[in-house]
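Report on the structure given below.
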Amino acid sequence: MSFPEDFNWGTATASYQIEGAFADGGRTPSIWDTFSKTPGKVVNADNGDVACDHYHRYPEDIQIMKDLGVQSYRFSLAWPRIIPGGTGAAGKHGIDFYDRLIDALLEAGIQPTATLYHWDLPQSLQDKGGWANRDIVGQFADYATLAAESFGDRVANWITINEPWCVTWLGNFWGVHAPGLKDLDTSIAVAHHTALAHAEATRALRAVRPEIRSGITLNMTNYRVSDESNPELLQLRDYWDSNINRWWLDSQLHGTYPENLVEFYGDKLAKVVKPGDMDLVKIDSEFLGINYYSDSFLNTPTEEQVQKNEGTFVFPINSDGTSPAPHTDMGWPITPKGLEDLLVRVHKDWPEFIDIAITENGVAYPDGPDENGVVTDDRRVDYLLSHLKSVDAAIEQGVPVKSYYYWSLLDNFEWAEGYAKRFGIVYVNFETLQRTPKLSASVYSKVIASNGAVLETVKNK
Ligand code: IFM
């Protein structure tokens, strides 16, 4: 196996998905509190009020990671805890909570990796337009400054924004995530402001602590088409590739947005890009975070699908003909080779990144404890091992992958799916909040202990 000796093995979570304690210590509502309490938005009307109660049970969760030998833990800071008013004064209790968490991680020998924004925007900022209001760029930079001042002495690795594509499109165009808006002008403004905010937050982090290592985390995918000789489909693939893969990469590295989107968005984009902005979005980073779950499959959209989007916007379809079975509990196809292909492509197209972190990779399956209390999640084990073999194959080809964080440490609040989808290597009983490490946790532990050497054999042990 080609994992370098200092390869970093981790697990990941996010604040709203696990913390609970929604009103403790002066935390104010985020857009996800509002959205999840709006009837019809989340499966079973679930919300993050309690979640995994990690806010109170973090010592137990850290002990679980320590027992597994996890070297690094990626978590996110809740903006509404750190700055309850959205802007202005720091929330003392929020800062104290993350101080305790970070100190306990270090004490356990686990490196903290902090994400500034994993979707829990203070509702008070959304009330002023949220990510569509340009003021957010400065407000986010101020939040980054406070975070670096508070924790930068102990946290070396920082992620600015998690999956800005989801923030932009799921939250503001399809309305299936908070804040639940469905508006193309708004989405385009969000796409630009998140790119700007990443760059400005990076500068803010560095201004406080030049030694900080930071980057953005993007959800990336390969688009496969059902017919390589269909020019319309190839154009559609380019469009989607630009929309999800290139927008936040070309902008930070080259100070440009993909031409096909600039043309497609036209005046809507021109309206929000101010003179000098394309110089501002350009920023170097210490690493790139990639979240990979599956490949995407494009088919020619039906007339009805085009109509639904007023003929101006099309979307990817898992085509029956091309999407490989099996699918996960989320309905996503399982495509481990895609991770290798994606990594090789990223290294070829954006060679500037000499440190690539897989900041999320994981799978949802419903397996729970059997009569002996054991969770035998074989399918997750297969997913984990096959994707790690893909990472290994990419490293073998010279791709500088330095870290891997399994998503997720715990079963948690899976956004619009509520608690119905379980991504954890640790089972959480949401009645009792009891944690039970699954088979996948023990397999991952062996992989970590051997630095990947047992990938081929661990299943037989
Ligand atoms: O749970 C999410 C996470 O918050 C962001 N990336 C994808 C995961 C699974 O859907």
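Here, A, B, ... name the chains of the structure tokens in the order displayed, residue numbers run from 1 inside each chain, and ligands are numbered from 1 in the same displayed order.
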
Please identify the residues whose atoms come within 8 Å of ligand 1, using only C-alpha atoms and all ligand atoms, and report them as a list in words.
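Result of the 8 Å neighbour search around ligand 1: Thr13, Ala14, Gln17, His118, Asn162, Glu163, Asn219, Asn291, Tyr293, Glu360, Gly362, Val363, Ala364, Trp407, Ser408, Asn412, Phe413, Glu414, Trp415 and Phe423 of chain A.
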
Those of range 108-287 of chain A in DSSP strand (DSSP E), formatted as a list in words
Gln111, Pro112, Thr113, Ala114, Thr115, Leu116, Tyr117, Asn157, Trp158, Ile159, Thr160, Ile161, Asn162, Arg213, Ser214, Gly215, Ile216, Thr217, Leu218, Asn219, Tyr223, Arg224 and Val225 of chain A

Pick out the residues sitting within 6 Å of range 22-27 of chain A, and hand them over as a PyMOL selection string; count only C-alpha atoms, and ignore anything fewer than 6 positions along from it in its own chain.
chain A and resi 49+80-81+84+93

I want to know what sits within 9 Å of Val391 in chain A, based on only C-alpha atoms, with residues of the same chain fewer than 6 positions away left out; could you give that as a VMD selection string?
chain A and resid 3 339 to 340 343 358 399 401 404

Prev. selection, N, CA and C atoms, output as a CSV table (one decimal), in the first residue's frame:
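The file below, out_28.csv, is the result:
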```
chain,number,residue,atom,x,y,z
A,3,PHE,N,0.2,4.4,1.2
A,3,PHE,CA,0.0,5.5,2.2
A,3,PHE,C,1.3,6.0,2.8
A,339,LEU,N,-13.6,7.5,-7.1
A,339,LEU,CA,-12.8,8.3,-6.2
A,339,LEU,C,-11.4,8.4,-6.8
A,340,GLU,N,-10.9,7.3,-7.2
A,340,GLU,CA,-9.5,7.3,-7.9
A,340,GLU,C,-9.5,8.2,-9.1
A,343,LEU,N,-9.6,11.9,-8.1
A,343,LEU,CA,-8.3,12.4,-7.5
A,343,LEU,C,-7.3,12.6,-8.6
A,358,ILE,N,-9.2,14.0,1.8
A,358,ILE,CA,-10.5,13.6,1.7
A,358,ILE,C,-11.2,13.9,3.0
A,399,VAL,N,-0.8,11.2,-6.8
A,399,VAL,CA,-1.7,12.2,-6.3
A,399,VAL,C,-1.4,12.4,-4.8
A,401,VAL,N,-2.5,12.8,-1.8
A,401,VAL,CA,-3.5,12.7,-0.8
A,401,VAL,C,-2.8,12.5,0.5
A,404,TYR,N,-7.5,11.3,5.2
A,404,TYR,CA,-8.8,10.7,4.9
A,404,TYR,C,-9.6,10.8,6.2
```

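Proximity of A:Ile354, A:Ile216, A:Val225, A:Val262 to Ile290 in chain A, computed with only C-alpha atoms, is greatest for A:Ile216.
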
For Thr328 in chain A, which residue out of A:Gly10, A:Gly180, A:Pro366, A:Pro112 is the nearest one, using only C-alpha atoms?
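The closest residue to Thr328 in chain A is A:Pro366.
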
Output as a PyMOL selection string all residues of range 195-367 of chain A that backbone DSSP marks as helix (DSSP H, G or I).
chain A and resi 195-208+231-254+259-265+267-270+277-280+303-308+336-349

State, in Å with one decimal place, the distance from CA of Tyr383 in chain A to CA of Leu455 in chain A.
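Atom-to-atom, CA of Tyr383 in chain A to CA of Leu455 in chain A, that is 11.8 Å.
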
With distances taken over only C-alpha atoms, the candidate from A:Thr376, A:Gln123, A:Gln235, A:Asn133 nearest Pro437 in chain A is A:Thr376

Contact residues around Ala156 in chain A with only C-alpha atoms at 8 Å, ignoring same-chain residues under 4 positions, as a list in words
Pro112, Thr113, Gly152, Glu211, Ile212 and Arg213 of chain A

Write the residues of the preceding selection, restricted to C-alpha atoms, as a compact mmCIF listing (two decimals), in the first residue's frame.
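Saved to result-v3.txt:
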```txt
# COMPACT_ATOMS: atom_id res chain seq x y z
CA PRO A 112 -8.44 18.90 15.78
CA THR A 113 -9.42 20.09 12.29
CA GLY A 152 -5.59 29.14 16.45
CA GLU A 211 1.17 29.48 10.37
CA ILE A 212 -2.46 28.33 10.07
CA ARG A 213 -3.14 25.81 7.29
```

At a cut-off of 9 Å, can you tabulate as JSON lines every residue of range 148-181 of chain A near range 139-144 of chain A together with its closest atom pair and the distance in Å to one decimal, using only C-alpha atoms and ordering rows by chain then number?
```
{"residue": "A:Ala148", "atom": "CA", "partner": "A:Ala144", "partner_atom": "CA", "distance": 6.1}
{"residue": "A:Glu149", "atom": "CA", "partner": "A:Ala144", "partner_atom": "CA", "distance": 8.5}
{"residue": "A:Thr160", "atom": "CA", "partner": "A:Ala144", "partner_atom": "CA", "distance": 8.1}
```

Just the number, please: distance in Å from CA of Ala178 in chain A to CA of Asp267 in chain A, one decimal.
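Between these atoms lies a distance of 25.8 Å.
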
As an NGL selection string, please: the residues near Ala195 in chain A (cut-off 12 Å, only C-alpha atoms, same-chain neighbours under 3 positions excluded).
:A and (131-132 or 134 or 136-137 or 140 or 160-165 or 167-168 or 188-192 or 198-202 or 215-218 or 246-253 or 255-257 or 273 or 277-283)

Name the closest residue to Met65 in chain A among the candidates A:Ala449, A:Ile159, A:Val375, A:Leu105; distances are taken between atoms, counting only C-alpha atoms.
A:Leu105

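Proximity to Leu184 in chain A was assessed for A:Leu269, A:Gln71, A:Arg154, A:Leu409 counting only C-alpha atoms; the smallest distance is recorded for A:Leu269.
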
Which neighbours of Leu146 in chain A fall inside 9 Å, counting only C-alpha atoms, when residues of the same chain fewer than 6 positions from it are skipped, and could you give them as a PyMOL selection string?
chain A and resi 82-83+90+205+208

Go ahead and save the residues from that selection, with C-alpha atoms, as a PDB file, in the first residue's frame.
```pdb
ATOM      1  CA  ILE A  82     -19.397  31.624  18.864  1.00  0.00           C
ATOM      2  CA  ILE A  83     -21.169  34.877  17.936  1.00  0.00           C
ATOM      3  CA  ALA A  90     -18.294  36.687  21.206  1.00  0.00           C
ATOM      4  CA  LEU A 205      -7.108  33.428   9.517  1.00  0.00           C
ATOM      5  CA  VAL A 208      -4.114  36.337  13.065  1.00  0.00           C
TER       6      VAL A 208
END
```

Using only C-alpha atoms, the shortest atom-to-atom distance to Gly175 in chain A among A:Lys41, A:Lys92, A:His347, A:Arg422 belongs to A:Lys41
